[in-house]
$ cat run_0.pdb   # PDB, C-alpha atoms
ATOM      1  CA  MET A   1       0.000   0.000   0.000
ATOM      2  CA  ASN A   2       2.827   2.382   0.896
ATOM      3  CA  LEU A   3       4.540   1.597  -2.419
ATOM      4  CA  ILE A   4       1.367   2.422  -4.362
ATOM      5  CA  LEU A   5       0.934   5.686  -2.438
ATOM      6  CA  ASN A   6       4.578   6.601  -3.016
ATOM      7  CA  TRP A   7       4.254   6.072  -6.780
ATOM      8  CA  PHE A   8       0.997   8.047  -6.816
ATOM      9  CA  LEU A   9       2.656  10.996  -5.077
ATOM     10  CA  MET A  10       5.658  10.810  -7.414
ATOM     11  CA  ILE A  11       3.441  10.897 -10.508
ATOM     12  CA  LEU A  12       1.018  13.516  -9.126
ATOM     13  CA  PRO A  13       3.224  16.605  -9.831
ATOM     14  CA  PHE A  14       3.455  15.733 -13.511
ATOM     15  CA  ALA A  15      -0.299  15.107 -13.784
ATOM     16  CA  LEU A  16      -0.975  18.482 -12.151
ATOM     17  CA  TRP A  17       1.540  20.242 -14.418
ATOM     18  CA  GLY A  18      -0.025  18.701 -17.501
ATOM     19  CA  THR A  19      -3.563  19.774 -16.601
ATOM     20  CA  SER A  20      -2.298  23.204 -15.504
ATOM     21  CA  MET A  21      -0.856  23.755 -18.965
ATOM     22  CA  ALA A  22      -4.351  23.424 -20.409
ATOM     23  CA  ALA A  23      -5.782  25.673 -17.692
ATOM     24  CA  MET A  24      -3.230  28.437 -18.311
ATOM     25  CA  THR A  25      -3.424  28.491 -22.107
ATOM     26  CA  PRO A  26      -6.527  30.724 -22.453
ATOM     27  CA  LEU A  27      -5.348  32.959 -19.591
ATOM     28  CA  VAL A  28      -2.045  33.906 -21.229
ATOM     29  CA  SER A  29      -3.768  35.421 -24.271
ATOM     30  CA  SER A  30      -6.074  37.568 -22.139
ATOM     31  CA  GLY A  31      -3.844  38.408 -19.178
ATOM     32  CA  GLY A  32      -0.324  38.293 -20.546
ATOM     33  CA  ALA A  33       2.575  35.940 -19.914
ATOM     34  CA  GLU A  34       4.098  37.871 -17.013
ATOM     35  CA  LEU A  35       0.818  38.113 -15.080
ATOM     36  CA  VAL A  36      -0.031  34.427 -15.434
ATOM     37  CA  ALA A  37       3.520  33.418 -14.500
ATOM     38  CA  SER A  38       3.558  35.642 -11.396
ATOM     39  CA  LEU A  39       0.064  34.598 -10.272
ATOM     40  CA  ARG A  40       1.099  30.990 -10.596
ATOM     41  CA  LEU A  41       4.183  31.532  -8.450
ATOM     42  CA  LEU A  42       3.310  34.042  -5.709
ATOM     43  CA  PRO A  43       0.137  32.520  -4.169
ATOM     44  CA  ALA A  44       1.610  29.032  -4.507
ATOM     45  CA  GLY A  45       4.820  30.073  -2.781
ATOM     46  CA  ILE A  46       2.904  31.672   0.098
ATOM     47  CA  LEU A  47       0.778  28.543   0.480
ATOM     48  CA  VAL A  48       3.875  26.315   0.542
ATOM     49  CA  LEU A  49       5.449  28.518   3.240
ATOM     50  CA  ILE A  50       2.269  28.479   5.359
ATOM     51  CA  THR A  51       2.128  24.693   5.068
ATOM     52  CA  THR A  52       5.809  24.462   5.985
ATOM     53  CA  TYR A  53       5.173  26.562   9.081
ATOM     54  CA  PHE A  54       2.225  24.452  10.282
ATOM     55  CA  LEU A  55       4.187  21.265   9.666
ATOM     56  CA  LYS A  56       6.862  22.775  11.951
ATOM     57  CA  ARG A  57       9.540  22.455   9.305
ATOM     58  CA  ASP A  58      12.483  24.845   9.201
ATOM     59  CA  LEU A  59      11.612  27.977   7.187
ATOM     60  CA  ARG A  60      15.129  29.418   7.127
ATOM     61  CA  ILE A  61      17.395  29.651   4.115
ATOM     62  CA  TYR A  62      20.809  29.102   5.641
ATOM     63  CA  LYS A  63      23.740  31.304   4.744
ATOM     64  CA  CYS A  64      25.664  28.395   3.250
ATOM     65  CA  ASP A  65      22.797  27.844   0.764
ATOM     66  CA  LEU A  66      22.071  31.484  -0.023
ATOM     67  CA  LYS A  67      24.285  31.822  -3.104
ATOM     68  CA  TRP A  68      22.803  28.769  -4.791
ATOM     69  CA  PHE A  69      19.313  29.816  -3.670
ATOM     70  CA  VAL A  70      19.606  33.050  -5.667
ATOM     71  CA  VAL A  71      20.719  31.173  -8.787
ATOM     72  CA  PHE A  72      18.010  28.540  -8.287
ATOM     73  CA  THR A  73      15.313  31.222  -7.889
ATOM     74  CA  ILE A  74      16.295  33.103 -11.040
ATOM     75  CA  VAL A  75      16.615  29.976 -13.187
ATOM     76  CA  ASP A  76      13.814  27.740 -11.924
ATOM     77  CA  ALA A  77      11.199  30.320 -10.932
ATOM     78  CA  THR A  78      11.601  33.573 -12.864
ATOM     79  CA  LEU A  79      13.087  32.348 -16.138
ATOM     80  CA  PHE A  80      11.294  29.008 -16.266
ATOM     81  CA  GLN A  81       7.821  30.478 -15.700
ATOM     82  CA  LEU A  82       8.484  33.361 -18.104
ATOM     83  CA  PHE A  83       9.694  31.057 -20.888
ATOM     84  CA  LEU A  84       6.811  28.671 -20.184
ATOM     85  CA  THR A  85       4.097  31.303 -20.497
ATOM     86  CA  TYR A  86       5.724  32.902 -23.553
ATOM     87  CA  GLY A  87       5.840  29.496 -25.212
ATOM     88  CA  ILE A  88       2.381  28.288 -24.256
ATOM     89  CA  SER A  89       0.716  31.156 -26.114
ATOM     90  CA  LYS A  90       2.344  29.990 -29.356
ATOM     91  CA  THR A  91       2.275  26.210 -29.091
ATOM     92  CA  GLY A  92      -0.820  25.232 -27.092
ATOM     93  CA  ALA A  93      -1.008  23.136 -23.946
ATOM     94  CA  GLY A  94      -0.325  19.663 -25.342
ATOM     95  CA  LEU A  95       2.491  20.236 -27.803
ATOM     96  CA  GLY A  96       4.035  22.915 -25.615
ATOM     97  CA  SER A  97       4.188  20.463 -22.749
ATOM     98  CA  VAL A  98       5.854  17.882 -24.969
ATOM     99  CA  LEU A  99       8.667  20.251 -25.852
ATOM    100  CA  ILE A 100       9.225  21.473 -22.321
ATOM    101  CA  ASP A 101       9.339  17.955 -20.968
ATOM    102  CA  SER A 102      12.348  17.025 -22.996
ATOM    103  CA  GLN A 103      14.114  18.094 -19.791
ATOM    104  CA  PRO A 104      14.601  14.539 -18.405
ATOM    105  CA  LEU A 105      17.075  13.950 -21.233
ATOM    106  CA  LEU A 106      19.043  16.987 -20.059
ATOM    107  CA  VAL A 107      18.685  16.017 -16.391
ATOM    108  CA  ALA A 108      20.007  12.514 -17.099
ATOM    109  CA  LEU A 109      23.096  13.887 -18.819
ATOM    110  CA  LEU A 110      23.697  16.563 -16.177
ATOM    111  CA  ALA A 111      23.168  14.096 -13.313
ATOM    112  CA  ARG A 112      25.598  11.672 -14.959
ATOM    113  CA  ALA A 113      28.219  14.394 -15.336
ATOM    114  CA  ILE A 114      27.755  16.070 -11.927
ATOM    115  CA  PHE A 115      26.532  13.359  -9.543
ATOM    116  CA  GLY A 116      27.784  10.260 -11.351
ATOM    117  CA  ASN A 117      24.282   8.767 -11.636
ATOM    118  CA  LEU A 118      24.500   5.566 -13.645
ATOM    119  CA  ILE A 119      22.620   5.192 -16.928
ATOM    120  CA  ASN A 120      22.878   1.589 -18.047
ATOM    121  CA  PRO A 121      21.960   0.431 -21.575
ATOM    122  CA  ILE A 122      18.305  -0.045 -20.548
ATOM    123  CA  GLY A 123      18.225   3.544 -19.320
ATOM    124  CA  TRP A 124      19.785   4.866 -22.516
ATOM    125  CA  LEU A 125      17.234   2.896 -24.522
ATOM    126  CA  GLY A 126      14.470   4.487 -22.459
ATOM    127  CA  LEU A 127      15.863   7.973 -23.053
ATOM    128  CA  LEU A 128      15.936   7.287 -26.787
ATOM    129  CA  PHE A 129      12.287   6.230 -26.647
ATOM    130  CA  GLY A 130      11.536   9.470 -24.805
ATOM    131  CA  LEU A 131      13.325  11.514 -27.454
ATOM    132  CA  GLY A 132      11.398   9.642 -30.149
ATOM    133  CA  GLY A 133       8.152  10.389 -28.359
ATOM    134  CA  ILE A 134       8.983  14.088 -28.270
ATOM    135  CA  ILE A 135       9.731  14.059 -31.991
ATOM    136  CA  PHE A 136       6.490  12.266 -32.876
ATOM    137  CA  LEU A 137       4.422  14.508 -30.618
ATOM    138  CA  GLY A 138       5.944  17.900 -31.185
ATOM    139  CA  PHE A 139       7.499  18.195 -34.626
ATOM    140  CA  PRO A 140       5.537  19.422 -37.673
ATOM    141  CA  MET A 141       4.187  16.689 -39.929
ATOM    142  CA  GLU A 142       6.030  18.199 -42.903
ATOM    143  CA  PHE A 143       9.323  17.753 -41.047
ATOM    144  CA  LEU A 144       8.554  14.121 -40.194
ATOM    145  CA  GLU A 145       7.537  13.313 -43.770
ATOM    146  CA  LYS A 146      10.809  14.767 -45.028
ATOM    147  CA  TRP A 147      12.693  12.808 -42.365
ATOM    148  CA  TRP A 148      10.931   9.593 -43.402
ATOM    149  CA  LEU A 149      11.756  10.307 -47.082
ATOM    150  CA  MET A 150       8.023  10.537 -47.814
ATOM    151  CA  SER A 151       8.039  14.144 -48.999
ATOM    152  CA  ASP A 152      10.162  16.420 -51.123
ATOM    153  CA  THR A 153       9.312  19.449 -48.963
ATOM    154  CA  ASN A 154      12.240  21.788 -48.470
ATOM    155  CA  LEU A 155      13.131  21.917 -44.784
ATOM    156  CA  SER A 156      13.407  25.686 -45.038
ATOM    157  CA  ASP A 157       9.665  25.736 -45.803
ATOM    158  CA  VAL A 158       8.724  23.829 -42.638
ATOM    159  CA  GLN A 159       7.037  26.192 -40.193
ATOM    160  CA  PHE A 160       8.633  26.165 -36.732
ATOM    161  CA  ASN A 161       7.321  28.919 -34.501
ATOM    162  CA  ILE A 162       9.044  30.921 -31.789
ATOM    163  CA  GLY A 163       6.895  29.229 -29.168
ATOM    164  CA  GLU A 164       8.836  26.009 -29.661
ATOM    165  CA  ALA A 165      12.093  27.833 -28.944
ATOM    166  CA  TRP A 166      10.615  29.343 -25.768
ATOM    167  CA  MET A 167       9.490  25.893 -24.625
ATOM    168  CA  LEU A 168      12.921  24.386 -25.224
ATOM    169  CA  ALA A 169      14.441  27.258 -23.229
ATOM    170  CA  ALA A 170      11.960  26.497 -20.436
ATOM    171  CA  SER A 171      12.994  22.848 -20.636
ATOM    172  CA  LEU A 172      16.634  23.798 -20.119
ATOM    173  CA  ALA A 173      15.717  26.051 -17.179
ATOM    174  CA  MET A 174      13.690  23.264 -15.563
ATOM    175  CA  ALA A 175      16.509  20.747 -16.036
ATOM    176  CA  LEU A 176      18.998  23.125 -14.439
ATOM    177  CA  GLY A 177      16.558  23.775 -11.588
ATOM    178  CA  THR A 178      16.235  20.041 -10.936
ATOM    179  CA  ILE A 179      20.015  19.843 -10.544
ATOM    180  CA  LEU A 180      20.370  23.102  -8.594
ATOM    181  CA  ILE A 181      17.960  22.013  -5.848
ATOM    182  CA  ARG A 182      20.616  19.565  -4.651
ATOM    183  CA  PHE A 183      23.133  22.396  -4.171
ATOM    184  CA  THR A 184      20.532  24.717  -2.622
ATOM    185  CA  CYS A 185      19.443  22.281   0.097
ATOM    186  CA  LYS A 186      22.723  21.377   1.761
ATOM    187  CA  LYS A 187      21.219  22.540   5.076
ATOM    188  CA  SER A 188      17.934  24.264   4.162
ATOM    189  CA  ASP A 189      14.636  22.376   4.002
ATOM    190  CA  PRO A 190      13.713  21.612   0.342
ATOM    191  CA  VAL A 191      10.024  22.414   0.906
ATOM    192  CA  ALA A 192      10.886  25.790   2.443
ATOM    193  CA  VAL A 193      13.319  26.475  -0.395
ATOM    194  CA  THR A 194      10.529  25.688  -2.870
ATOM    195  CA  GLY A 195       8.184  28.183  -1.233
ATOM    196  CA  TRP A 196      10.702  31.005  -0.903
ATOM    197  CA  HIS A 197      12.012  30.585  -4.450
ATOM    198  CA  MET A 198       8.451  30.856  -5.817
ATOM    199  CA  VAL A 199       7.747  34.018  -3.806
ATOM    200  CA  PHE A 200      10.987  35.817  -4.686
ATOM    201  CA  GLY A 201      10.973  34.495  -8.252
ATOM    202  CA  SER A 202       7.555  36.073  -8.863
ATOM    203  CA  LEU A 203       8.673  39.604  -7.952
ATOM    204  CA  PRO A 204      10.545  40.416 -11.212
ATOM    205  CA  LEU A 205       7.572  39.071 -13.178
ATOM    206  CA  ILE A 206       5.114  41.270 -11.266
ATOM    207  CA  PHE A 207       7.290  44.313 -11.852
ATOM    208  CA  LYS A 208       7.641  43.482 -15.568
ATOM    209  CA  TYR A 209       3.870  43.073 -15.952
ATOM    210  CA  PHE A 210       3.020  46.430 -14.390
ATOM    211  CA  LEU A 211       5.864  48.095 -16.298
ATOM    212  CA  ASN A 212       4.477  46.733 -19.587
ATOM    213  CA  THR A 213       0.922  47.855 -18.724
ATOM    214  CA  ASN A 214       1.974  51.256 -17.341
ATOM    215  CA  PHE A 215       0.935  50.102 -13.855
ATOM    216  CA  GLN A 216      -2.692  49.549 -14.846
ATOM    217  CA  SER A 217      -5.123  47.233 -13.070
ATOM    218  CA  LEU A 218      -5.542  43.485 -13.499
ATOM    219  CA  PRO A 219      -7.423  42.071 -16.523
ATOM    220  CA  ASN A 220     -11.196  41.718 -16.423
ATOM    221  CA  TRP A 221     -11.252  37.959 -15.934
ATOM    222  CA  SER A 222     -14.447  36.023 -15.293
ATOM    223  CA  PHE A 223     -15.030  33.866 -12.200
ATOM    224  CA  ASN A 224     -14.161  30.821 -14.324
ATOM    225  CA  ASP A 225     -10.874  32.432 -15.432
ATOM    226  CA  TRP A 226      -9.882  33.108 -11.830
ATOM    227  CA  GLY A 227     -10.813  29.509 -11.014
ATOM    228  CA  LEU A 228      -8.434  28.246 -13.704
ATOM    229  CA  MET A 229      -5.735  30.545 -12.359
ATOM    230  CA  ALA A 230      -6.328  29.282  -8.817
ATOM    231  CA  PHE A 231      -6.070  25.670 -10.014
ATOM    232  CA  SER A 232      -2.806  26.429 -11.844
ATOM    233  CA  SER A 233      -1.368  28.145  -8.781
ATOM    234  CA  ILE A 234      -2.549  25.892  -5.943
ATOM    235  CA  PHE A 235      -2.498  22.480  -7.604
ATOM    236  CA  GLY A 236      -0.104  23.091 -10.512
ATOM    237  CA  GLY A 237       2.110  25.313  -8.367
ATOM    238  CA  ALA A 238       2.126  24.751  -4.609
ATOM    239  CA  ILE A 239       1.276  21.044  -4.465
ATOM    240  CA  ALA A 240       3.110  20.004  -7.636
ATOM    241  CA  TYR A 241       6.332  21.922  -6.926
ATOM    242  CA  GLY A 242       6.368  20.960  -3.250
ATOM    243  CA  LEU A 243       6.151  17.266  -4.133
ATOM    244  CA  PHE A 244       8.536  17.548  -7.076
ATOM    245  CA  PHE A 245      11.420  19.179  -5.233
ATOM    246  CA  TYR A 246      10.896  16.976  -2.177
ATOM    247  CA  PHE A 247      11.349  13.864  -4.347
ATOM    248  CA  ALA A 248      14.055  15.487  -6.501
ATOM    249  CA  ASN A 249      16.074  16.089  -3.349
ATOM    250  CA  ASN A 250      15.500  12.608  -1.917
ATOM    251  CA  LYS A 251      15.114  10.213  -4.858
ATOM    252  CA  GLU A 252      17.521   9.014  -7.529
ATOM    253  CA  ILE A 253      17.293  12.038  -9.752
ATOM    254  CA  THR A 254      17.546  10.525 -13.251
ATOM    255  CA  GLY A 255      14.776   7.978 -12.785
ATOM    256  CA  PHE A 256      12.484  10.402 -10.978
ATOM    257  CA  SER A 257      12.890  13.237 -13.485
ATOM    258  CA  THR A 258      12.047  10.862 -16.320
ATOM    259  CA  LEU A 259       8.490  10.710 -14.963
ATOM    260  CA  ALA A 260       8.207  14.206 -16.465
ATOM    261  CA  PHE A 261       7.653  12.437 -19.793
ATOM    262  CA  LEU A 262       4.154  11.764 -18.425
ATOM    263  CA  THR A 263       3.344  15.497 -18.254
ATOM    264  CA  PRO A 264       2.608  15.912 -21.981
ATOM    265  CA  VAL A 265       0.348  12.873 -21.860
ATOM    266  CA  PHE A 266      -1.783  14.546 -19.198
ATOM    267  CA  ALA A 267      -1.530  17.896 -21.017
ATOM    268  CA  LEU A 268      -2.652  16.404 -24.325
ATOM    269  CA  LEU A 269      -5.563  14.575 -22.720
ATOM    270  CA  SER A 270      -6.753  17.607 -20.731
ATOM    271  CA  GLY A 271      -6.176  19.861 -23.740
ATOM    272  CA  GLY A 272      -8.465  17.585 -25.722
ATOM    273  CA  VAL A 273     -11.190  17.836 -23.091
ATOM    274  CA  TRP A 274     -10.932  21.554 -22.257
ATOM    275  CA  LEU A 275      -9.499  23.114 -25.412
ATOM    276  CA  ASN A 276     -10.716  20.674 -28.058
ATOM    277  CA  GLU A 277      -7.156  19.779 -29.045
ATOM    278  CA  ARG A 278      -6.957  16.463 -30.889
ATOM    279  CA  LEU A 279      -4.128  13.957 -31.383
ATOM    280  CA  THR A 280      -3.118  12.559 -34.733
ATOM    281  CA  ILE A 281      -2.152   8.912 -35.148
ATOM    282  CA  VAL A 282       1.530   9.904 -35.165
ATOM    283  CA  GLN A 283       1.059  11.781 -31.892
ATOM    284  CA  TRP A 284      -0.552   8.736 -30.286
ATOM    285  CA  VAL A 285       2.554   6.784 -31.327
ATOM    286  CA  GLY A 286       4.528   9.464 -29.497
ATOM    287  CA  VAL A 287       2.419   8.949 -26.371
ATOM    288  CA  ALA A 288       3.199   5.215 -26.495
ATOM    289  CA  PHE A 289       6.916   5.972 -26.832
ATOM    290  CA  VAL A 290       6.714   8.265 -23.798
ATOM    291  CA  LEU A 291       5.110   5.560 -21.659
ATOM    292  CA  VAL A 292       7.755   3.011 -22.727
ATOM    293  CA  SER A 293      10.456   5.566 -21.903
ATOM    294  CA  VAL A 294       9.143   6.118 -18.386
ATOM    295  CA  PHE A 295       9.021   2.377 -17.738
ATOM    296  CA  PHE A 296      12.525   1.673 -19.061
ATOM    297  CA  VAL A 297      14.312   4.522 -17.280
ATOM    298  CA  SER A 298      12.489   4.262 -13.942
ATOM    299  CA  GLN A 299      12.985   0.466 -13.866
ATOM    300  CA  ARG A 300      16.367   0.351 -15.625
ATOM    301  CA  GLN A 301      18.251  -1.097 -12.658
ATOM    302  CA  SER A 302      15.887  -4.023 -12.062
ATOM    303  CA  LEU A 303      15.536  -4.732 -15.787
ATOM    304  CA  TRP A 304      19.323  -4.752 -16.222
ATOM    305  CA  GLU A 305      19.765  -7.120 -13.272
ATOM    306  CA  ILE A 306      17.201  -9.515 -14.806
ATOM    307  CA  LYS A 307      19.127  -9.423 -18.088
ATOM    308  CA  GLU A 308      22.353 -10.248 -16.273
TER     309      GLU A 308
END
$ encode --input "run_0.pdb" --output "structure tokens"
Amino acid sequence: MNLILNWFLMILPFALWGTSMAAMTPLVSSGGAELVASLRLLPAGILVLITTYFLKRDLRIYKCDLKWFVVFTIVDATLFQLFLTYGISKTGAGLGSVLIDSQPLLVALLARAIFGNLINPIGWLGLLFGLGGIIFLGFPMEFLEKWWLMSDTNLSDVQFNIGEAWMLAASLAMALGTILIRFTCKKSDPVAVTGWHMVFGSLPLIFKYFLNTNFQSLPNWSFNDWGLMAFSSIFGGAIAYGLFFYFANNKEITGFSTLAFLTPVFALLSGGVWLNERLTIVQWVGVAFVLVSVFFVSQRQSLWEIKE
């Protein structure tokens, strides 16, 4: 029972992130990227800190962690959320999530280089499946047809939009954040660090929003819009980030981060329900590749031992 609950809690952040992508998509076009990013971070960070206080966990950021905390806040909170919201307005919830969640590939390589985390042949096979899933899910059909030698389309005519570049930048920021949390929590509590980095990371975004709007008021959102924003902040922010960085600081980082390949699956499914986004046959193949990738990388050690 405990094992089932543990796996549920490990998967939950990625399910919440995927559904939050669909919830945020219509808000970015009406409220702006900076506002949505800051409203996702600030209330969530405050909620995490309140929860940390009532759980009687240590709220302090210790001096020995302060330098890395600043870097972690800028990269994982400010830049990641800004790139994410810029990208989501151009790519949509499902495909945007696919691109951003290429980060486990980066995390695996960084963790191997920095922490010496082992990636056996089963793990590498899983990462290749994950990369294949990203390609099937996120690349234009014209590009894939050219790649498969089924089209004479000139690659220069294939339409890649700037949103894809923003999402890949967000992916890099998230991968770096996953690594940086280890350096930031030498003495400080990872849940407290999560809350503080969300609060402080939102401040530049708030300032940028009001600077862009000449310090005007908030957008005229409906009750439903504010509900979507609350879901993205509380569930897709506070709960998801609290769980993610707790596990990232305590679990084997390569295998755990690979569960992020599940995020686009949840984003594509919720985008289909809420935003009427639909998958092609090729994209469903990509979903299957993603699921195989998660299984191979998360279970690579036991699978390799069976082989031996």
$ resolve_selection --input "run_0.pdb" --expression "the PyMOL selection byres ((chain A and resi 63) around 12)" --output "VMD selection string"
chain A and resid 60 to 62 64 to 70 184 to 188
$ resolve_selection --input "run_0.pdb" --expression "the PyMOL selection byres ((chain A and resi 42-58) around 6)" --output "ChimeraX atom specification"
/A:38-39,41,59-60,195,198-199,202,233-234,237-238
$ closest_residue --input "run_0.pdb" --among "A:Ala33, A:Leu5, A:Ala170, A:Ala267" --to "Thr19 of chain A" --atoms "only C-alpha atoms"
A:Ala267
$ atom_distance --input "run_0.pdb" --atom1 "atom CA of Ile206 of chain A" --atom2 "atom CA of Thr263 of chain A"
26.8 Å
$ resolve_selection --input "run_0.pdb" --expression "the PyMOL selection byres ((chain A and resi 175-181) around 6)" --output "PyMOL selection string"
chain A and resi 72+76+103+107+172-174+182-184
$ closest_residue --input "run_0.pdb" --among "A:Thr91, A:Leu291, A:Phe129, A:Gln301" --to "Leu262 of chain A" --atoms "all atoms listed in the file"
A:Leu291
$ closest_residue --input "run_0.pdb" --among "A:Phe245, A:Phe289, A:Trp124, A:Tyr209" --to "His197 of chain A" --atoms "all atoms listed in the file"
A:Phe245
$ closest_residue --input "run_0.pdb" --among "A:Met24, A:Ile281, A:Val71, A:Val265" --to "Ile88 of chain A" --atoms "only C-alpha atoms"
A:Met24
$ atom_distance --input "run_0.pdb" --atom1 "atom CA of Thr280 of chain A" --atom2 "atom CA of Leu268 of chain A"
11.1 Å
$ atom_distance --input "run_0.pdb" --atom1 "atom CA of Phe83 of chain A" --atom2 "atom CA of Ala169 of chain A"
6.5 Å
$ closest_residue --input "run_0.pdb" --among "A:Leu106, A:Leu203, A:Leu228, A:Val287" --to "Leu79 of chain A" --atoms "all atoms listed in the file"
A:Leu203
$ closest_residue --input "run_0.pdb" --among "A:Ser270, A:Tyr246, A:Phe139, A:Ser89" --to "Val193 of chain A" --atoms "all atoms listed in the file"
A:Tyr246
$ residues_around --input "run_0.pdb" --residues "Leu35 of chain A" --least-positions-apart "5" --cutoff "10 Å" --atoms "all atoms listed in the file" --output "list in words"
Leu27, Val28, Ser30, Arg40, Leu41, Leu82, Thr85, Ser202, Leu205, Ile206, Phe207, Lys208, Tyr209, Phe210, Leu218 and Pro219 of chain A
$ residues_around --input "run_0.pdb" --residues "Tyr86 of chain A" --least-positions-apart "4" --cutoff "9 Å" --atoms "all atoms listed in the file" --output "NGL selection string"
:A and (28 or 32-34 or 81-82 or 90 or 163 or 166-167)
$ axis_aligned_box --input "run_0.pdb" --around "segment 162-179 of chain A" --padding-each-side "8 Å" --output "JSON"
{"center_x": 13.5, "center_y": 25.4, "center_z": -21.2, "size_x": 29.1, "size_y": 27.1, "size_z": 37.2}
